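Structure first, then comments.
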Amino acid sequence: MNRKIYSAFDGASPTTVAQAKFALPAALATLVQIGVPATTPIVVLEWNFSIDTPASAATVIMELLQTDVAAGAGTSLTPTKWGDPNAVASLCVGGAALTMFNDGAITEGTVAATRVFDAHLITPPFLYSKQFPLGREPEVAISTFLRIRATASVACNCICNILWEE
């Protein structure tokens, strides 16, 4: 099987401006959501985030997890081909309750089941990158949602990214 790699950031792909940072509210917020198709699971290869913040910030919880319920009302996101520019389009299609990024209007939904792949309680400013060891990458089940979520104690800014294989 010839699997391909895709990526998604918590904002629109940059063109004439730099990658946008997201202003974290002082509450739980999904930054990026990947809607996993019903036909194939995805394998998470890497995730990362960087946070800038005022000196008054206390802590931020950052989570990479699978959920059973979609967040909604975000901005549709088309995954970027990472590696092979001639790869087929990702099966993780964009949509307001599918593959999307937070535009400040996301609704979290009522999540009943999660699997946490990585989580950190950090004091900003901070940069974190996790590349999962080969053969030990988390597999995200079909018809579920992969999310990067943050819970900040004060407002701050974040850029985050996920790389996965289909």
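The way I read the labels, and the way they are meant: chains A, B, ... in the order of the structure tokens, residue 1 as the first residue of every chain, and ligand 1 as the first ligand shown, with later ones counted on from there.
Neighbours of range 87-91 of chain A closer than or equal to 7 Å, with only C-alpha atoms counted and sequence neighbours fewer than 5 positions away skipped, come out as A:Lys4, A:Tyr6, A:Pro37, A:Pro79, A:Lys81.
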Spatial neighbours of range 61-78 of chain A, max dist 7 Å, only C-alpha atoms, sep filter under 6 positions, as a PDB file with N, CA and C atoms, in the first residue's frame:
ATOM      1  N   VAL A  93     -12.089  15.136   4.234  1.00  0.00           N
ATOM      2  CA  VAL A  93     -12.632  16.290   3.527  1.00  0.00           C
ATOM      3  C   VAL A  93     -12.981  17.430   4.475  1.00  0.00           C
ATOM      4  N   GLY A  94     -12.873  18.632   3.953  1.00  0.00           N
ATOM      5  CA  GLY A  94     -13.182  19.827   4.722  1.00  0.00           C
ATOM      6  C   GLY A  94     -14.672  20.021   4.902  1.00  0.00           C
ATOM      7  N   GLY A  95     -15.019  20.680   5.984  1.00  0.00           N
ATOM      8  CA  GLY A  95     -16.407  21.002   6.257  1.00  0.00           C
ATOM      9  C   GLY A  95     -16.528  21.584   7.646  1.00  0.00           C
ATOM     10  N   ALA A  96     -17.615  22.278   7.923  1.00  0.00           N
ATOM     11  CA  ALA A  96     -17.804  22.965   9.202  1.00  0.00           C
ATOM     12  C   ALA A  96     -17.874  22.023  10.386  1.00  0.00           C
ATOM     13  N   ALA A  97     -18.186  20.754  10.194  1.00  0.00           N
ATOM     14  CA  ALA A  97     -18.166  19.784  11.288  1.00  0.00           C
ATOM     15  C   ALA A  97     -17.324  18.574  10.892  1.00  0.00           C
ATOM     16  N   LEU A  98     -16.391  18.790   9.959  1.00  0.00           N
ATOM     17  CA  LEU A  98     -15.512  17.719   9.497  1.00  0.00           C
ATOM     18  C   LEU A  98     -14.066  18.137   9.748  1.00  0.00           C
ATOM     19  N   THR A  99     -13.317  18.365   8.660  1.00  0.00           N
ATOM     20  CA  THR A  99     -11.940  18.830   8.787  1.00  0.00           C
ATOM     21  C   THR A  99     -11.982  20.347   8.734  1.00  0.00           C
ATOM     22  N   MET A 100     -11.524  20.987   9.822  1.00  0.00           N
ATOM     23  CA  MET A 100     -11.710  22.442   9.945  1.00  0.00           C
ATOM     24  C   MET A 100     -10.727  23.018  10.957  1.00  0.00           C
ATOM     25  N   PHE A 101     -10.655  24.338  10.959  1.00  0.00           N
ATOM     26  CA  PHE A 101      -9.880  25.033  11.987  1.00  0.00           C
ATOM     27  C   PHE A 101     -10.787  26.027  12.692  1.00  0.00           C
ATOM     28  N   ASN A 102     -10.354  26.446  13.857  1.00  0.00           N
ATOM     29  CA  ASN A 102     -11.156  27.351  14.680  1.00  0.00           C
ATOM     30  C   ASN A 102     -11.047  28.772  14.154  1.00  0.00           C
ATOM     31  N   ASP A 103     -12.168  29.363  13.865  1.00  0.00           N
ATOM     32  CA  ASP A 103     -12.228  30.756  13.418  1.00  0.00           C
ATOM     33  C   ASP A 103     -12.817  31.646  14.514  1.00  0.00           C
ATOM     34  N   ALA A 105     -15.468  30.640  16.289  1.00  0.00           N
ATOM     35  CA  ALA A 105     -16.887  30.320  16.449  1.00  0.00           C
ATOM     36  C   ALA A 105     -17.155  28.841  16.690  1.00  0.00           C
ATOM     37  N   ILE A 106     -16.143  28.041  16.953  1.00  0.00           N
ATOM     38  CA  ILE A 106     -16.347  26.594  17.120  1.00  0.00           C
ATOM     39  C   ILE A 106     -17.205  26.291  18.333  1.00  0.00           C
ATOM     40  N   THR A 107     -18.107  25.322  18.153  1.00  0.00           N
ATOM     41  CA  THR A 107     -18.862  24.771  19.276  1.00  0.00           C
ATOM     42  C   THR A 107     -18.288  23.389  19.559  1.00  0.00           C
ATOM     43  N   GLU A 108     -18.047  23.081  20.806  1.00  0.00           N
ATOM     44  CA  GLU A 108     -17.337  21.863  21.176  1.00  0.00           C
ATOM     45  C   GLU A 108     -18.145  20.586  21.007  1.00  0.00           C
ATOM     46  N   GLY A 109     -19.445  20.631  21.101  1.00  0.00           N
ATOM     47  CA  GLY A 109     -20.234  19.407  21.023  1.00  0.00           C
ATOM     48  C   GLY A 109     -20.158  18.654  22.350  1.00  0.00           C
ATOM     49  N   THR A 110     -21.030  17.666  22.525  1.00  0.00           N
ATOM     50  CA  THR A 110     -21.061  16.874  23.757  1.00  0.00           C
ATOM     51  C   THR A 110     -20.306  15.580  23.512  1.00  0.00           C
ATOM     52  N   VAL A 111     -19.058  15.541  23.912  1.00  0.00           N
ATOM     53  CA  VAL A 111     -18.190  14.395  23.680  1.00  0.00           C
ATOM     54  C   VAL A 111     -18.450  13.339  24.744  1.00  0.00           C
ATOM     55  N   ALA A 112     -18.686  12.097  24.308  1.00  0.00           N
ATOM     56  CA  ALA A 112     -18.935  11.001  25.248  1.00  0.00           C
ATOM     57  C   ALA A 112     -17.715  10.110  25.409  1.00  0.00           C
ATOM     58  N   ALA A 113     -16.891  10.004  24.369  1.00  0.00           N
ATOM     59  CA  ALA A 113     -15.733   9.110  24.430  1.00  0.00           C
ATOM     60  C   ALA A 113     -14.527   9.779  23.783  1.00  0.00           C
ATOM     61  N   THR A 114     -13.373   9.643  24.433  1.00  0.00           N
ATOM     62  CA  THR A 114     -12.128  10.171  23.875  1.00  0.00           C
ATOM     63  C   THR A 114     -11.007   9.159  24.069  1.00  0.00           C
ATOM     64  N   ARG A 115      -9.984   9.297  23.258  1.00  0.00           N
ATOM     65  CA  ARG A 115      -8.702   8.622  23.459  1.00  0.00           C
ATOM     66  C   ARG A 115      -7.656   9.713  23.377  1.00  0.00           C
ATOM     67  N   VAL A 116      -6.938   9.946  24.449  1.00  0.00           N
ATOM     68  CA  VAL A 116      -5.910  10.990  24.487  1.00  0.00           C
ATOM     69  C   VAL A 116      -4.599  10.380  24.022  1.00  0.00           C
ATOM     70  N   PHE A 117      -3.979  10.992  23.005  1.00  0.00           N
ATOM     71  CA  PHE A 117      -2.709  10.509  22.472  1.00  0.00           C
ATOM     72  C   PHE A 117      -1.518  11.238  23.089  1.00  0.00           C
ATOM     73  N   ASP A 118      -1.717  12.489  23.488  1.00  0.00           N
ATOM     74  CA  ASP A 118      -0.651  13.283  24.093  1.00  0.00           C
ATOM     75  C   ASP A 118      -1.310  14.501  24.737  1.00  0.00           C
ATOM     76  N   ALA A 119      -0.817  14.911  25.890  1.00  0.00           N
ATOM     77  CA  ALA A 119      -1.371  16.080  26.572  1.00  0.00           C
ATOM     78  C   ALA A 119      -0.286  16.697  27.440  1.00  0.00           C
ATOM     79  N   HIS A 120      -0.321  18.034  27.550  1.00  0.00           N
ATOM     80  CA  HIS A 120       0.690  18.734  28.324  1.00  0.00           C
ATOM     81  C   HIS A 120       0.099  19.941  29.033  1.00  0.00           C
ATOM     82  N   LEU A 121       0.561  20.163  30.233  1.00  0.00           N
ATOM     83  CA  LEU A 121       0.254  21.361  30.999  1.00  0.00           C
ATOM     84  C   LEU A 121       1.517  22.210  30.932  1.00  0.00           C
ATOM     85  N   ILE A 122       1.427  23.353  30.281  1.00  0.00           N
ATOM     86  CA  ILE A 122       2.623  24.145  30.023  1.00  0.00           C
ATOM     87  C   ILE A 122       2.459  25.577  30.513  1.00  0.00           C
ATOM     88  N   VAL A 140      -6.105   6.590  14.363  1.00  0.00           N
ATOM     89  CA  VAL A 140      -7.393   7.206  14.679  1.00  0.00           C
ATOM     90  C   VAL A 140      -8.472   6.443  13.921  1.00  0.00           C
ATOM     91  N   THR A 144     -14.387   8.978  13.207  1.00  0.00           N
ATOM     92  CA  THR A 144     -14.172   9.731  14.443  1.00  0.00           C
ATOM     93  C   THR A 144     -13.488  11.045  14.084  1.00  0.00           C
ATOM     94  N   PHE A 145     -13.026  11.760  15.098  1.00  0.00           N
ATOM     95  CA  PHE A 145     -12.440  13.079  14.881  1.00  0.00           C
ATOM     96  C   PHE A 145     -11.145  13.205  15.670  1.00  0.00           C
ATOM     97  N   LEU A 146     -10.105  13.646  15.001  1.00  0.00           N
ATOM     98  CA  LEU A 146      -8.823  13.929  15.636  1.00  0.00           C
ATOM     99  C   LEU A 146      -8.805  15.427  15.910  1.00  0.00           C
ATOM    100  N   ARG A 147      -8.470  15.800  17.145  1.00  0.00           N
ATOM    101  CA  ARG A 147      -8.482  17.222  17.504  1.00  0.00           C
ATOM    102  C   ARG A 147      -7.220  17.630  18.239  1.00  0.00           C
ATOM    103  N   ILE A 148      -6.832  18.869  18.022  1.00  0.00           N
ATOM    104  CA  ILE A 148      -5.913  19.558  18.926  1.00  0.00           C
ATOM    105  C   ILE A 148      -6.788  20.527  19.697  1.00  0.00           C
ATOM    106  N   ARG A 149      -6.783  20.378  21.037  1.00  0.00           N
ATOM    107  CA  ARG A 149      -7.566  21.262  21.893  1.00  0.00           C
ATOM    108  C   ARG A 149      -6.635  21.981  22.858  1.00  0.00           C
ATOM    109  N   ALA A 150      -7.078  23.152  23.276  1.00  0.00           N
ATOM    110  CA  ALA A 150      -6.323  23.933  24.256  1.00  0.00           C
ATOM    111  C   ALA A 150      -7.281  24.475  25.300  1.00  0.00           C
ATOM    112  N   THR A 151      -6.800  24.548  26.520  1.00  0.00           N
ATOM    113  CA  THR A 151      -7.527  25.214  27.593  1.00  0.00           C
ATOM    114  C   THR A 151      -6.551  26.187  28.224  1.00  0.00           C
ATOM    115  N   ALA A 152      -6.774  27.463  28.015  1.00  0.00           N
ATOM    116  CA  ALA A 152      -5.861  28.491  28.518  1.00  0.00           C
ATOM    117  C   ALA A 152      -6.444  29.167  29.749  1.00  0.00           C
TER     118      ALA A 152
END
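Residues within 6 Å of Ile5 in chain A, counting only C-alpha atoms and excluding same-chain residues fewer than 2 positions away, are Trp82, Trp164 and Glu165 of chain A.
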Save out the residues we just selected, C-alpha atoms, as a tab-separated table (two decimals), in the first residue's frame.
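Final output, saved to result-v3.tsv:
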chain	number	residue	atom	x	y	z
A	82	TRP	CA	2.96	16.90	2.61
A	164	TRP	CA	-0.94	12.21	9.41
A	165	GLU	CA	-0.81	9.34	6.98
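Among the candidates A:Asn157, A:Thr40, A:Thr80, A:Gln131, the residue lying nearest to Pro14 in chain A is A:Thr80 (atoms considered: only C-alpha atoms).
In terms of minimum interatomic distance to Val43 in chain A, A:Phe132 ranks closest within A:Phe132, A:Phe9, A:Phe22, A:Phe126, counting only C-alpha atoms.
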